[in-house]
>>> print(open('coords-v9.cif').read())   # mmCIF, C-alpha atoms and all ligand atoms
data_entry
#
loop_
_atom_site.label_atom_id
_atom_site.label_comp_id
_atom_site.auth_asym_id
_atom_site.auth_seq_id
_atom_site.Cartn_x
_atom_site.Cartn_y
_atom_site.Cartn_z
CA MET A 1 -79.27 -7.50 34.73
CA LYS A 2 -79.20 -7.52 30.97
CA ASN A 3 -78.32 -5.12 28.20
CA ASN A 4 -80.78 -2.47 29.37
CA THR A 5 -79.13 -2.32 32.81
CA PRO A 6 -78.63 1.36 33.73
CA SER A 7 -75.01 2.45 33.65
CA SER A 8 -75.02 3.17 37.40
CA GLU A 9 -75.81 -0.50 38.16
CA ARG A 10 -73.03 -1.91 35.97
CA LEU A 11 -69.59 -3.01 37.08
CA HIS A 12 -67.24 -0.14 36.19
CA ILE A 13 -63.81 -1.41 35.14
CA ALA A 14 -61.15 1.22 34.40
CA PHE A 15 -57.99 0.40 32.42
CA VAL A 16 -55.11 2.62 33.47
CA GLY A 17 -51.37 2.64 32.88
CA ARG A 18 -48.69 4.22 30.79
CA ARG A 19 -49.15 5.31 27.21
CA ASN A 20 -48.68 2.41 24.80
CA ALA A 21 -48.96 -0.25 27.54
CA GLY A 22 -51.87 -1.71 25.59
CA LYS A 23 -54.87 -0.41 27.57
CA SER A 24 -57.02 0.13 24.49
CA SER A 25 -55.91 -3.20 23.03
CA LEU A 26 -57.01 -4.99 26.21
CA VAL A 27 -60.35 -3.15 26.30
CA ASN A 28 -60.93 -4.28 22.71
CA MET A 29 -59.89 -7.82 23.60
CA LEU A 30 -62.35 -8.01 26.51
CA ALA A 31 -65.11 -6.33 24.52
CA GLY A 32 -64.50 -8.56 21.51
CA GLN A 33 -64.85 -5.50 19.30
CA ALA A 34 -62.97 -2.35 18.32
CA VAL A 35 -64.14 0.02 21.04
CA SER A 36 -60.98 2.12 21.22
CA ILE A 37 -58.43 3.21 18.65
CA VAL A 38 -55.11 1.36 18.93
CA SER A 39 -51.83 2.63 17.53
CA ASP A 40 -48.15 2.57 18.33
CA ILE A 41 -48.18 6.36 18.73
CA PRO A 42 -48.04 7.11 22.48
CA GLY A 43 -51.04 9.18 23.56
CA THR A 44 -53.56 7.73 21.12
CA THR A 45 -56.37 7.69 23.71
CA THR A 46 -57.12 11.17 24.97
CA ASP A 47 -60.50 11.57 26.73
CA PRO A 48 -61.81 8.52 28.62
CA VAL A 49 -63.70 6.10 26.34
CA ARG A 50 -66.71 4.32 27.90
CA LYS A 51 -68.30 1.17 26.59
CA ALA A 52 -71.31 -0.47 28.23
CA LEU A 53 -71.61 -4.15 27.41
CA GLU A 54 -72.28 -7.62 28.78
CA ILE A 55 -69.14 -9.70 29.36
CA PRO A 56 -69.62 -13.45 29.86
CA GLY A 57 -68.52 -14.22 33.40
CA LEU A 58 -68.70 -10.59 34.54
CA GLY A 59 -72.22 -9.55 33.52
CA PRO A 60 -73.23 -5.98 32.68
CA CYS A 61 -70.12 -3.79 32.73
CA VAL A 62 -68.84 -0.41 31.70
CA LEU A 63 -65.28 -0.59 30.35
CA LEU A 64 -63.41 2.67 30.78
CA ASP A 65 -60.37 3.21 28.58
CA THR A 66 -58.16 6.07 29.65
CA ALA A 67 -55.24 8.23 28.56
CA GLY A 68 -51.75 7.29 29.72
CA LEU A 69 -50.93 8.24 33.30
CA ASP A 70 -47.52 9.38 32.05
CA ASP A 71 -49.02 11.77 29.48
CA ASP A 72 -47.15 15.05 29.82
CA GLY A 73 -47.29 18.65 28.67
CA ALA A 74 -50.19 21.01 29.42
CA LEU A 75 -52.80 18.94 27.57
CA GLY A 76 -51.23 15.62 28.54
CA SER A 77 -51.46 16.36 32.25
CA LEU A 78 -55.12 17.29 31.84
CA ARG A 79 -55.65 13.91 30.16
CA SER A 80 -53.77 11.98 32.83
CA SER A 81 -55.70 13.85 35.56
CA ALA A 82 -58.95 12.72 33.92
CA ALA A 83 -57.60 9.15 33.98
CA ASN A 84 -56.53 9.51 37.61
CA ARG A 85 -59.98 10.76 38.59
CA LEU A 86 -61.50 7.48 37.38
CA ILE A 87 -59.40 5.40 39.77
CA PRO A 88 -61.38 5.98 42.99
CA VAL A 89 -64.77 5.83 41.29
CA SER A 90 -64.28 2.51 39.49
CA ASP A 91 -65.38 -0.81 40.98
CA VAL A 92 -62.25 -2.56 39.72
CA VAL A 93 -59.14 -1.00 38.18
CA VAL A 94 -56.97 -2.92 35.72
CA LEU A 95 -53.43 -1.53 35.83
CA VAL A 96 -51.95 -2.37 32.45
CA VAL A 97 -48.19 -2.83 32.46
CA ASP A 98 -45.97 -3.56 29.49
CA GLY A 99 -44.80 -6.90 30.81
CA SER A 100 -41.87 -7.06 28.45
CA VAL A 101 -39.96 -4.21 30.08
CA GLU A 102 -37.48 -4.94 32.81
CA ASP A 103 -37.27 -1.78 34.85
CA GLY A 104 -38.40 1.82 35.15
CA LEU A 105 -41.73 0.84 36.64
CA ASP A 106 -41.80 3.54 39.33
CA LEU A 107 -45.05 4.98 38.00
CA GLU A 108 -46.70 1.55 38.26
CA LYS A 109 -45.41 1.09 41.82
CA ASP A 110 -46.80 4.51 42.72
CA VAL A 111 -50.21 3.65 41.21
CA ILE A 112 -50.28 0.35 43.12
CA ALA A 113 -49.52 2.20 46.35
CA ARG A 114 -52.34 4.67 45.63
CA LEU A 115 -54.80 1.89 44.78
CA LYS A 116 -53.94 0.09 47.99
CA GLY A 117 -54.23 3.34 49.97
CA ALA A 118 -57.65 4.09 48.51
CA GLY A 119 -58.85 0.52 49.02
CA THR A 120 -59.73 0.27 45.33
CA PRO A 121 -59.90 -3.34 44.11
CA PHE A 122 -57.33 -3.76 41.32
CA VAL A 123 -55.71 -6.25 39.00
CA VAL A 124 -52.27 -5.89 37.43
CA ALA A 125 -52.30 -7.09 33.82
CA LEU A 126 -48.85 -7.82 32.44
CA ASN A 127 -49.50 -7.24 28.76
CA LYS A 128 -47.36 -8.00 25.71
CA THR A 129 -46.22 -11.31 27.20
CA ASP A 130 -45.77 -12.52 23.63
CA LYS A 131 -42.56 -10.48 23.85
CA GLY A 132 -41.52 -11.87 27.25
CA VAL A 133 -42.46 -11.37 30.90
CA ALA A 134 -39.55 -9.40 32.29
CA ALA A 135 -41.73 -7.13 34.46
CA LYS A 136 -42.94 -10.05 36.57
CA ASN A 137 -39.99 -9.60 38.85
CA VAL A 138 -40.43 -5.86 39.08
CA VAL A 139 -44.08 -5.64 40.10
CA THR A 140 -43.60 -7.63 43.28
CA GLY A 141 -45.99 -8.18 46.16
CA VAL A 142 -49.14 -8.19 44.00
CA ARG A 143 -50.76 -10.87 41.94
CA THR A 144 -50.21 -10.28 38.23
CA VAL A 145 -52.11 -11.68 35.27
CA PRO A 146 -50.09 -12.40 32.13
CA VAL A 147 -51.91 -11.44 28.93
CA SER A 148 -51.23 -10.64 25.34
CA ALA A 149 -53.77 -8.43 23.63
CA LEU A 150 -51.94 -9.22 20.40
CA ASP A 151 -52.76 -12.91 20.33
CA GLY A 152 -55.59 -13.03 22.88
CA THR A 153 -53.65 -15.14 25.42
CA GLY A 154 -54.79 -14.77 29.03
CA LYS A 155 -58.27 -13.35 28.36
CA ASP A 156 -60.02 -15.90 30.59
CA GLY A 157 -57.44 -15.38 33.34
CA LEU A 158 -58.02 -11.63 33.22
CA VAL A 159 -61.80 -12.03 33.43
CA LYS A 160 -61.36 -14.38 36.40
CA ALA A 161 -58.94 -12.01 38.15
CA ILE A 162 -61.41 -9.12 37.70
CA LEU A 163 -64.27 -11.29 38.97
CA ASP A 164 -62.25 -12.17 42.07
CA LYS A 165 -61.99 -8.45 42.85
CA VAL A 166 -65.68 -7.60 42.47
CA PRO A 167 -66.95 -6.40 45.87
CA GLN A 168 -69.07 -9.11 47.49
CA ASP A 169 -72.19 -7.00 47.85
CA PHE A 170 -72.01 -5.76 44.27
CA GLY A 171 -75.41 -6.02 42.57
CA SER A 172 -77.06 -7.62 45.58
CA ARG A 173 -78.11 -4.48 47.47
CA SER A 174 -81.78 -3.80 47.87
CA LEU A 175 -83.33 -0.34 47.63
CA LEU A 176 -86.04 -1.09 50.18
CA GLY A 177 -83.53 -2.58 52.61
CA GLY A 178 -85.94 -4.95 54.38
CA MET A 179 -88.61 -2.29 54.95
CA VAL A 180 -91.41 -4.43 53.54
CA SER A 181 -92.67 -8.01 53.75
CA PRO A 182 -94.73 -10.03 51.26
CA GLY A 183 -98.35 -8.88 51.21
CA ASP A 184 -97.59 -5.38 52.53
CA ARG A 185 -99.57 -2.50 51.07
CA VAL A 186 -97.40 0.35 49.83
CA ILE A 187 -98.35 3.69 48.29
CA LEU A 188 -95.87 5.49 46.06
CA VAL A 189 -96.42 9.24 45.80
CA MET A 190 -94.79 10.55 42.66
CA PRO A 191 -95.50 14.10 41.51
CA GLN A 192 -95.62 14.33 37.73
CA ASP A 193 -94.62 17.99 37.56
CA SER A 194 -92.29 19.72 35.14
CA GLU A 195 -89.33 18.10 37.01
CA ALA A 196 -90.51 14.62 36.01
CA PRO A 197 -88.97 13.22 32.84
CA ARG A 198 -91.38 12.81 29.95
CA GLY A 199 -92.74 9.32 29.36
CA ARG A 200 -90.81 7.46 32.06
CA LEU A 201 -90.17 7.19 35.78
CA ILE A 202 -86.91 8.18 37.42
CA MET A 203 -84.63 5.33 38.44
CA PRO A 204 -85.47 5.05 42.19
CA GLN A 205 -89.19 5.01 41.38
CA ALA A 206 -88.80 2.27 38.78
CA MET A 207 -86.50 0.31 41.10
CA ALA A 208 -88.92 0.58 44.04
CA ILE A 209 -91.87 -0.63 41.95
CA ARG A 210 -89.85 -3.56 40.65
CA GLU A 211 -88.67 -4.55 44.15
CA LEU A 212 -92.21 -4.30 45.51
CA LEU A 213 -93.50 -6.55 42.74
CA ASP A 214 -90.65 -9.02 43.29
CA GLY A 215 -91.29 -8.93 47.04
CA GLY A 216 -94.99 -9.82 46.71
CA CYS A 217 -96.26 -6.43 47.92
CA ILE A 218 -99.41 -4.66 46.76
CA SER A 219 -98.32 -1.27 45.52
CA LEU A 220 -100.38 1.67 44.39
CA SER A 221 -98.93 4.69 42.61
CA CYS A 222 -100.46 8.15 42.84
CA THR A 223 -99.66 11.83 42.56
CA PRO A 224 -99.77 13.97 45.75
CA ASP A 225 -103.23 15.33 44.99
CA SER A 226 -104.71 11.84 44.75
CA LEU A 227 -103.07 10.45 47.91
CA LYS A 228 -106.30 10.80 49.92
CA GLN A 229 -108.22 8.66 47.41
CA ALA A 230 -105.34 6.21 47.24
CA LEU A 231 -105.49 5.78 51.03
CA GLU A 232 -109.24 5.28 50.90
CA SER A 233 -108.93 2.59 48.26
CA PHE A 234 -107.13 0.29 50.72
CA ARG A 235 -109.41 -1.30 53.31
CA GLU A 236 -106.63 -1.10 55.88
CA ALA A 237 -103.92 1.53 56.23
CA PRO A 238 -100.84 0.77 54.12
CA GLU A 239 -97.67 -0.39 55.86
CA LEU A 240 -95.54 2.11 53.98
CA ILE A 241 -95.77 5.32 51.96
CA ILE A 242 -92.82 6.24 49.77
CA ALA A 243 -93.05 9.85 48.66
CA ASP A 244 -90.89 12.07 46.56
CA SER A 245 -89.07 14.21 49.10
CA SER A 246 -90.21 17.41 47.38
CA VAL A 247 -93.79 16.68 48.57
CA PHE A 248 -92.97 15.55 52.12
CA LYS A 249 -94.64 18.60 53.62
CA ALA A 250 -97.93 17.93 51.87
CA VAL A 251 -97.81 14.17 52.41
CA ALA A 252 -96.75 13.96 56.08
CA PRO A 253 -100.07 15.18 57.62
CA LEU A 254 -102.01 12.57 55.61
CA VAL A 255 -99.94 9.59 56.76
CA PRO A 256 -102.14 7.32 58.93
CA GLU A 257 -101.04 6.33 62.42
CA GLY A 258 -98.83 3.25 62.20
CA THR A 259 -97.92 3.76 58.54
CA LYS A 260 -94.24 4.31 57.84
CA LEU A 261 -93.17 7.20 55.63
CA THR A 262 -89.96 7.44 53.65
CA SER A 263 -88.76 9.01 50.41
CA PHE A 264 -87.13 7.73 47.25
CA SER A 265 -84.20 9.96 47.97
CA ILE A 266 -83.73 8.52 51.48
CA LEU A 267 -83.92 4.99 50.05
CA MET A 268 -81.36 6.00 47.44
CA ALA A 269 -79.13 7.51 50.15
CA ALA A 270 -79.00 4.13 51.89
CA TYR A 271 -78.60 2.21 48.64
CA LYS A 272 -75.82 4.32 47.17
CA GLY A 273 -74.41 6.45 49.94
CA ASP A 274 -73.91 6.55 53.68
CA LEU A 275 -77.30 7.19 55.25
CA ASP A 276 -75.91 7.45 58.80
CA TYR A 277 -73.49 10.18 57.74
CA PHE A 278 -76.19 11.98 55.77
CA VAL A 279 -78.56 11.96 58.75
CA LYS A 280 -75.83 13.02 61.18
CA SER A 281 -74.72 15.78 58.81
CA ALA A 282 -78.25 17.16 58.40
CA SER A 283 -77.92 18.88 61.78
CA ALA A 284 -75.22 21.09 60.21
CA ILE A 285 -78.09 22.81 58.35
CA GLY A 286 -79.28 24.30 61.63
CA ALA A 287 -75.78 25.51 62.51
CA LEU A 288 -75.22 27.48 59.28
CA SER A 289 -74.38 31.18 59.67
CA PRO A 290 -74.55 34.03 57.14
CA GLY A 291 -71.56 33.92 54.82
CA ASP A 292 -71.06 30.15 55.16
CA ARG A 293 -70.37 28.29 51.93
CA VAL A 294 -72.72 25.45 51.00
CA LEU A 295 -71.99 23.14 48.09
CA ILE A 296 -74.94 21.64 46.26
CA ALA A 297 -73.82 18.76 44.03
CA GLU A 298 -75.87 17.11 41.32
CA SER A 299 -74.68 13.97 39.57
CA CYS A 300 -76.31 14.77 36.26
CA SER A 301 -76.50 17.90 34.19
CA HIS A 302 -80.05 18.93 33.49
CA ILE A 303 -81.63 22.21 32.55
CA PRO A 304 -83.09 23.52 35.81
CA ASP A 305 -86.57 25.00 35.97
CA GLY A 306 -88.58 26.94 38.53
CA GLU A 307 -89.26 23.87 40.69
CA ASP A 308 -85.73 22.45 40.71
CA ILE A 309 -85.05 20.84 44.10
CA GLY A 310 -81.32 21.57 44.26
CA ARG A 311 -81.26 25.00 42.69
CA VAL A 312 -84.57 26.45 43.85
CA LYS A 313 -86.41 24.53 46.57
CA ILE A 314 -83.58 23.67 48.95
CA PRO A 315 -81.76 27.04 48.66
CA SER A 316 -85.04 28.85 49.37
CA MET A 317 -85.52 26.80 52.55
CA LEU A 318 -82.00 27.41 53.91
CA ARG A 319 -81.28 30.48 56.02
CA PRO A 320 -80.62 33.68 54.04
CA GLY A 321 -77.13 35.11 53.49
CA LEU A 322 -75.37 31.85 52.61
CA ASN A 323 -72.95 31.47 49.72
CA ILE A 324 -74.46 28.61 47.75
CA GLU A 325 -72.41 27.02 44.99
CA ILE A 326 -73.79 24.42 42.62
CA VAL A 327 -71.77 21.81 40.74
CA SER A 328 -73.05 19.12 38.43
CA GLY A 329 -71.89 16.00 36.63
CA HIS A 330 -68.29 15.01 37.26
CA ASP A 331 -67.35 18.41 38.72
CA PHE A 332 -66.64 18.07 42.41
CA PRO A 333 -63.97 20.13 44.20
CA GLU A 334 -60.86 18.36 45.49
CA ASP A 335 -60.71 20.67 48.51
CA LEU A 336 -64.00 20.56 50.39
CA THR A 337 -62.75 22.30 53.52
CA PRO A 338 -64.08 25.76 52.56
CA TYR A 339 -67.62 24.37 52.75
CA SER A 340 -69.68 24.19 55.91
CA LEU A 341 -72.00 21.66 54.30
CA ILE A 342 -72.44 19.59 51.14
CA ILE A 343 -75.92 18.68 49.99
CA HIS A 344 -75.81 15.98 47.31
CA CYS A 345 -78.59 14.86 44.99
CA GLY A 346 -79.76 11.24 45.02
CA GLY A 347 -76.96 10.39 42.60
CA CYS A 348 -79.14 8.02 40.60
CA VAL A 349 -76.83 8.18 37.58
CA PHE A 350 -73.71 7.42 39.67
CA SER A 351 -72.50 4.00 40.71
CA ARG A 352 -72.39 3.34 44.47
CA ARG A 353 -68.60 3.41 44.32
CA HIS A 354 -68.68 6.85 42.69
CA LEU A 355 -71.03 8.39 45.24
CA MET A 356 -69.23 6.71 48.14
CA SER A 357 -65.91 8.15 46.91
CA ARG A 358 -67.44 11.62 47.46
CA VAL A 359 -68.77 10.66 50.88
CA GLU A 360 -65.36 9.31 51.89
CA LYS A 361 -63.68 12.50 50.68
CA ALA A 362 -66.10 14.65 52.70
CA LYS A 363 -65.63 12.49 55.79
CA HIS A 364 -61.87 12.51 55.39
CA GLN A 365 -61.84 16.31 55.20
CA GLY A 366 -64.27 16.62 58.11
CA VAL A 367 -67.03 18.26 56.06
CA PRO A 368 -70.67 17.36 56.75
CA MET A 369 -72.46 15.90 53.74
CA THR A 370 -76.14 15.12 53.41
CA ASN A 371 -78.46 14.50 50.50
CA TYR A 372 -81.58 16.13 49.10
CA GLY A 373 -84.05 13.75 50.72
CA VAL A 374 -82.50 13.89 54.17
CA ALA A 375 -82.06 17.68 53.93
CA LEU A 376 -85.71 18.15 52.95
CA ALA A 377 -86.86 15.86 55.76
CA TYR A 378 -84.78 17.97 58.18
CA LEU A 379 -85.99 21.28 56.75
CA THR A 380 -89.64 20.23 56.90
CA GLY A 381 -89.19 19.06 60.49
CA ILE A 382 -89.99 15.40 59.83
CA LEU A 383 -86.53 13.81 59.84
CA GLY A 384 -87.29 12.20 63.20
CA LYS A 385 -90.56 10.81 61.85
CA VAL A 386 -89.43 9.23 58.59
CA SER A 387 -88.51 5.58 58.45
CA LEU A 388 -84.95 4.76 57.50
CA PRO A 389 -84.08 1.54 55.69
CA GLY A 390 -81.55 -0.98 56.98
N1 LIG A 401 -46.53 -7.26 20.93
C1 LIG A 401 -47.62 -6.74 21.46
N2 LIG A 401 -48.02 -5.51 21.14
C2 LIG A 401 -49.13 -5.02 21.70
C3 LIG A 401 -49.89 -5.77 22.63
N3 LIG A 401 -50.91 -5.00 23.06
C4 LIG A 401 -50.81 -3.83 22.41
N4 LIG A 401 -49.75 -3.85 21.58
C5 LIG A 401 -49.30 -2.76 20.72
O1 LIG A 401 -48.88 -1.67 21.55
C6 LIG A 401 -49.20 -0.43 20.91
C7 LIG A 401 -50.03 0.41 21.86
O2 LIG A 401 -51.26 -0.23 22.07
P1 LIG A 401 -52.54 0.59 22.61
O3 LIG A 401 -53.58 -0.42 22.93
O4 LIG A 401 -52.90 1.68 21.68
O5 LIG A 401 -51.91 1.18 23.93
P2 LIG A 401 -52.56 2.24 24.96
O6 LIG A 401 -52.08 1.86 26.31
O7 LIG A 401 -54.03 2.32 24.75
O8 LIG A 401 -51.84 3.58 24.51
P3 LIG A 401 -52.33 5.11 24.63
O9 LIG A 401 -53.74 5.21 24.15
O10 LIG A 401 -51.38 5.82 23.79
O11 LIG A 401 -52.19 5.49 26.07
C8 LIG A 401 -49.94 -0.79 19.61
O12 LIG A 401 -49.01 -0.77 18.56
C9 LIG A 401 -50.42 -2.20 19.87
O13 LIG A 401 -50.59 -2.95 18.69
C10 LIG A 401 -49.44 -7.10 22.94
O14 LIG A 401 -50.04 -7.83 23.74
N5 LIG A 401 -48.30 -7.52 22.33
S1 LIG A 402 -78.56 12.27 39.18
FE1 LIG A 402 -79.22 13.59 40.83
S2 LIG A 402 -80.00 15.49 39.87
FE2 LIG A 402 -79.89 13.86 38.29
S3 LIG A 402 -81.98 12.95 38.30
FE3 LIG A 402 -80.66 11.69 39.66
S4 LIG A 402 -81.00 12.56 41.69
FE4 LIG A 402 -81.74 14.10 40.21
MG MG A 403 -55.21 3.88 24.25
#
>>> encode(input="coords-v9.cif", output="C-alpha cells")
Amino acid sequence: MKNNTPSSERLHIAFVGRRNAGKSSLVNMLAGQAVSIVSDIPGTTTDPVRKALEIPGLGPCVLLDTAGLDDDGALGSLRSSAANRLIPVSDVVVLVVDGSVEDGLDLEKDVIARLKGAGTPFVVALNKTDKGVAAKNVVTGVRTVPVSALDGTGKDGLVKAILDKVPQDFGSRSLLGGMVSPGDRVILVMPQDSEAPRGRLIMPQAMAIRELLDGGCISLSCTPDSLKQALESFREAPELIIADSSVFKAVAPLVPEGTKLTSFSILMAAYKGDLDYFVKSASAIGALSPGDRVLIAESCSHIPDGEDIGRVKIPSMLRPGLNIEIVSGHDFPEDLTPYSLIIHCGGCVFSRRHLMSRVEKAKHQGVPMTNYGVALAYLTGILGKVSLPG
C-alpha cells in the first residue's frame, strides 16, 4: 500500500489527551512536518485534524490530531466530544500525557479505563520528558513510552509501540475471502448508471478486480444488459458472478447451474463488517410492523438521485407505513434502541474498525443491523441462494 492507498485502508492513529499535553507536537514529530498548529495556549486544536501519510515502519497511516479531552465550556465540550468519538473508531490510540506532571491524572486514568473497556489498542506517550518523567509513577499498570516532541527523543520507541498494537489481521484481509482459486472464471456485473461515479470504479469493484488479477483468475466485466453475451463468451460456465446488489433481481435468473453468485456489498460486509450478524439481522425485515423506526446509515455524504439504493430503492421495497430515518457520514445515533432495524451501506469509505464499532454498538444495544447487499438479497428472495465469503 503506497501513497494512493484509500483512507479506509490506512492505519488510523488518534492522538488524544489534555489540552497542551503536546498532541499536535507529537503528530508533527511523527509526520516530520507541520501538520497541526502548536502553541502554549490551551485549546489550540479545535476540530480534529487528519493527515494521510506514509510513516516508515508503520506504512500508510492517517494521523488524527484532536482537541483536548478536558476542553470545557459549551464549545469546548463539543470539541472534546468530537475527540472522544474518534477513540472507538481508531485502530490505535495514542494517549498523550504531560510526563512532567506529578499528579492530577484522573482524566488520563479514566481514558485508560475506557480504552481497556472498549478493547481499543492504545499506547501511553509520556511527553515533555525533557522536563522530567514524574508521571511515570502515576500512570501505573500500563506500558508507557517516554518521548519529547521538543527535541525528538523517543520517536522510534513511539513508532515501535504503535506497531506492537496494530491488530494482527490489519491489512491482510481479503475481499474475496477464499471464494476463488487460480484459473477460475469470474464475471463482474457493474451497472454504469447515474449512481456510478464518473470516470472510475467504486472501491469494492476496483478491489475485486485487483484481487482476481493477483489470484490468477480470468475476470470479465460487463453491465447487466450484456451479462448474457458475457456468459456466452466463456466456453464453460464461470465459477463465480459478482453483481452489484442493485441488479440482483435481473441477474439471478441468468446465473448458470453450479455458478456461485454474490455481490460487492456482501463481500464488503464480510471484509469490513460482521456478515453473520448482517445475515441474521436480515430476518428482522420480515418482522417489521407499521410505525416501526428503521435507520438507514450511509458512510459518505453524496447527493442522492432517483436510483439511490439507500434512499429510494430499499425504502420502496420495505413494507409501507415505516418511519425511515437516514443518516450519513459521521452522524450515527448513540441510542439505537428506538430502532427496529439498522440498514447500513457498504461503508467503503470507513475503516473496518469504524464500521465494526457501529456493529458492536448495535449488538450491544440488541438492535438488528444488516447492510444494503444483504438486505437487497433478502428482499429479492435470493439470500439463501447467494454465496457468502469466508
Ligand atoms: N518542554 C516541552 N514542551 C513541549 C513538548 N511538546 C510540546 N510542548 C509544548 O507544549 C505546548 C502545547 O503543545 P501542543 O502540541 O500545542 O499541545 P496540544 O496537546 O496539541 O494542545 P491543544 O491543541 O491545546 O489541545 C507548546 O508550547 C509546545 O511547544 C515537549 O516535549 N517538551
Ligand atoms: S460509503 Fe456507503 S454510500 Fe458511500 S459509496 Fe460507499 S457504500 Fe455507497
Ligand atoms: Mg493541539
>>> residues_around(input="coords-v9.cif", residues="segment 223-230 of chain A", least_positions_apart="3", cutoff="6 Å", atoms="all atoms listed in the file", output="PDB file with C-alpha atoms, in the frame of the given file")
ATOM      1  CA  VAL A 189     -96.420   9.240  45.800  1.00  0.00           C
ATOM      2  CA  MET A 190     -94.790  10.550  42.660  1.00  0.00           C
ATOM      3  CA  PRO A 191     -95.500  14.100  41.510  1.00  0.00           C
ATOM      4  CA  SER A 233    -108.930   2.590  48.260  1.00  0.00           C
TER       5      SER A 233
END
>>> residues_near_point(input="coords-v9.cif", point="(-74.0, 8.8, 43.3)", cutoff="9 Å", atoms="only C-alpha atoms", output="list in words")
Ser8, Met268, Ala269, Lys272, Gly273, Glu298, Ser299, His344, Cys345, Gly346, Gly347, Cys348, Val349, Phe350, Ser351, Arg352, Arg353, His354, Leu355, Met356, Ser357 and Arg358 of chain A
>>> residues_near_ligand(input="coords-v9.cif", ligand="ligand LIG 401 (chain A)", cutoff="8 Å", atoms="only C-alpha atoms and all ligand atoms", output="ChimeraX atom specification")
/A:16-26,36-46,65-69,71,96,127-131,147-152
>>> residues_around(input="coords-v9.cif", residues="Leu341 of chain A", least_positions_apart="2", cutoff="7 Å", atoms="all atoms listed in the file", output="ChimeraX atom specification")
/A:284,294-295,339,343,367-369
>>> closest_residue(input="coords-v9.cif", among="A:Lys260, A:Lys116, A:Lys249, A:His12", to="Ile187 of chain A", atoms="all atoms listed in the file")
A:Lys260
>>> atom_distance(input="coords-v9.cif", atom1="atom CA of Gly384 of chain A", atom2="atom FE4 of ligand LIG 402 (chain A)")
23.7 Å
>>> axis_aligned_box(input="coords-v9.cif", around="ligand LIG 402 (chain A)", padding_each_side="6 Å", output="AutoDock Vina command-line options")
--center_x -80.3 --center_y 13.6 --center_z 40.0 --size_x 15.4 --size_y 15.8 --size_z 15.4
>>> atom_distance(input="coords-v9.cif", atom1="atom CA of Gly258 of chain A", atom2="atom CA of Thr380 of chain A")
20.0 Å
>>> closest_residue(input="coords-v9.cif", among="A:Gly291, A:Gly99, A:Gly183, A:Pro60", to="Arg10 of chain A", atoms="all atoms listed in the file")
A:Pro60
>>> atom_distance(input="coords-v9.cif", atom1="atom CA of Cys300 of chain A", atom2="atom CA of Thr262 of chain A")
23.3 Å
>>> residues_around(input="coords-v9.cif", residues="Ile309 of chain A", least_positions_apart="3", cutoff="8 Å", atoms="only C-alpha atoms", output="count of residues only")
5
>>> residues_around(input="coords-v9.cif", residues="Thr259 of chain A", least_positions_apart="4", cutoff="7 Å", atoms="only C-alpha atoms", output="list in words")
Ala237, Pro238, Glu239, Leu240 and Val255 of chain A
>>> residues_around(input="coords-v9.cif", residues="Leu267 of chain A", least_positions_apart="2", cutoff="7 Å", atoms="all atoms listed in the file", output="list in words")
Leu175, Leu176, Ser263, Phe264, Ser265, Ala269, Ala270, Tyr271 and Pro389 of chain A
>>> closest_residue(input="coords-v9.cif", among="A:Ile342, A:Leu30, A:Ala196, A:Ile382", to="ligand LIG 402 (chain A)", atoms="only C-alpha atoms and all ligand atoms")
A:Ala196
>>> closest_residue(input="coords-v9.cif", among="A:Gly119, A:Gly199, A:Gly381, A:Gly154", to="Pro167 of chain A", atoms="all atoms listed in the file")
A:Gly119
>>> closest_atom_pairs(input="coords-v9.cif", of="segment 14-98 of chain A", to="segment 168-171 of chain A", cutoff="12 Å", atoms="only C-alpha atoms", output="Markdown table")
| residue | atom | partner | partner_atom | distance |
| --- | --- | --- | --- | --- |
| A:Leu58 | CA | A:Phe170 | CA | 11.4 |
| A:Gly59 | CA | A:Gly171 | CA | 10.2 |
| A:Pro60 | CA | A:Gly171 | CA | 10.1 |
| A:Cys61 | CA | A:Gly171 | CA | 11.4 |
| A:Asp91 | CA | A:Phe170 | CA | 8.9 |
| A:Val92 | CA | A:Phe170 | CA | 11.2 |
>>> decode(input="coords-v9.cif", residues="segment 280-286 of chain A", atoms="N, CA, C and O atoms", output="PDB file, in the first residue's frame")
ATOM      1  N   LYS A 280     -28.089 -12.654   9.883  1.00  0.00           N
ATOM      2  CA  LYS A 280     -29.065 -12.981  10.941  1.00  0.00           C
ATOM      3  C   LYS A 280     -30.087 -11.840  11.085  1.00  0.00           C
ATOM      4  O   LYS A 280     -31.289 -12.065  11.223  1.00  0.00           O
ATOM      5  N   SER A 281     -29.579 -10.612  11.013  1.00  0.00           N
ATOM      6  CA  SER A 281     -30.456  -9.449  11.230  1.00  0.00           C
ATOM      7  C   SER A 281     -31.409  -9.214  10.065  1.00  0.00           C
ATOM      8  O   SER A 281     -32.419  -8.524  10.226  1.00  0.00           O
ATOM      9  N   ALA A 282     -31.082  -9.761   8.886  1.00  0.00           N
ATOM     10  CA  ALA A 282     -31.938  -9.509   7.716  1.00  0.00           C
ATOM     11  C   ALA A 282     -33.356 -10.011   7.957  1.00  0.00           C
ATOM     12  O   ALA A 282     -34.325  -9.445   7.430  1.00  0.00           O
ATOM     13  N   SER A 283     -33.493 -11.050   8.800  1.00  0.00           N
ATOM     14  CA  SER A 283     -34.846 -11.582   9.020  1.00  0.00           C
ATOM     15  C   SER A 283     -35.728 -10.568   9.752  1.00  0.00           C
ATOM     16  O   SER A 283     -36.959 -10.665   9.713  1.00  0.00           O
ATOM     17  N   ALA A 284     -35.090  -9.571  10.403  1.00  0.00           N
ATOM     18  CA  ALA A 284     -35.887  -8.531  11.077  1.00  0.00           C
ATOM     19  C   ALA A 284     -36.687  -7.716  10.060  1.00  0.00           C
ATOM     20  O   ALA A 284     -37.683  -7.082  10.412  1.00  0.00           O
ATOM     21  N   ILE A 285     -36.264  -7.752   8.786  1.00  0.00           N
ATOM     22  CA  ILE A 285     -37.005  -7.009   7.751  1.00  0.00           C
ATOM     23  C   ILE A 285     -38.431  -7.554   7.653  1.00  0.00           C
ATOM     24  O   ILE A 285     -39.392  -6.804   7.558  1.00  0.00           O
ATOM     25  N   GLY A 286     -38.529  -8.886   7.711  1.00  0.00           N
ATOM     26  CA  GLY A 286     -39.837  -9.523   7.585  1.00  0.00           C
ATOM     27  C   GLY A 286     -40.721  -9.308   8.794  1.00  0.00           C
ATOM     28  O   GLY A 286     -41.941  -9.483   8.725  1.00  0.00           O
TER      29      GLY A 286
END
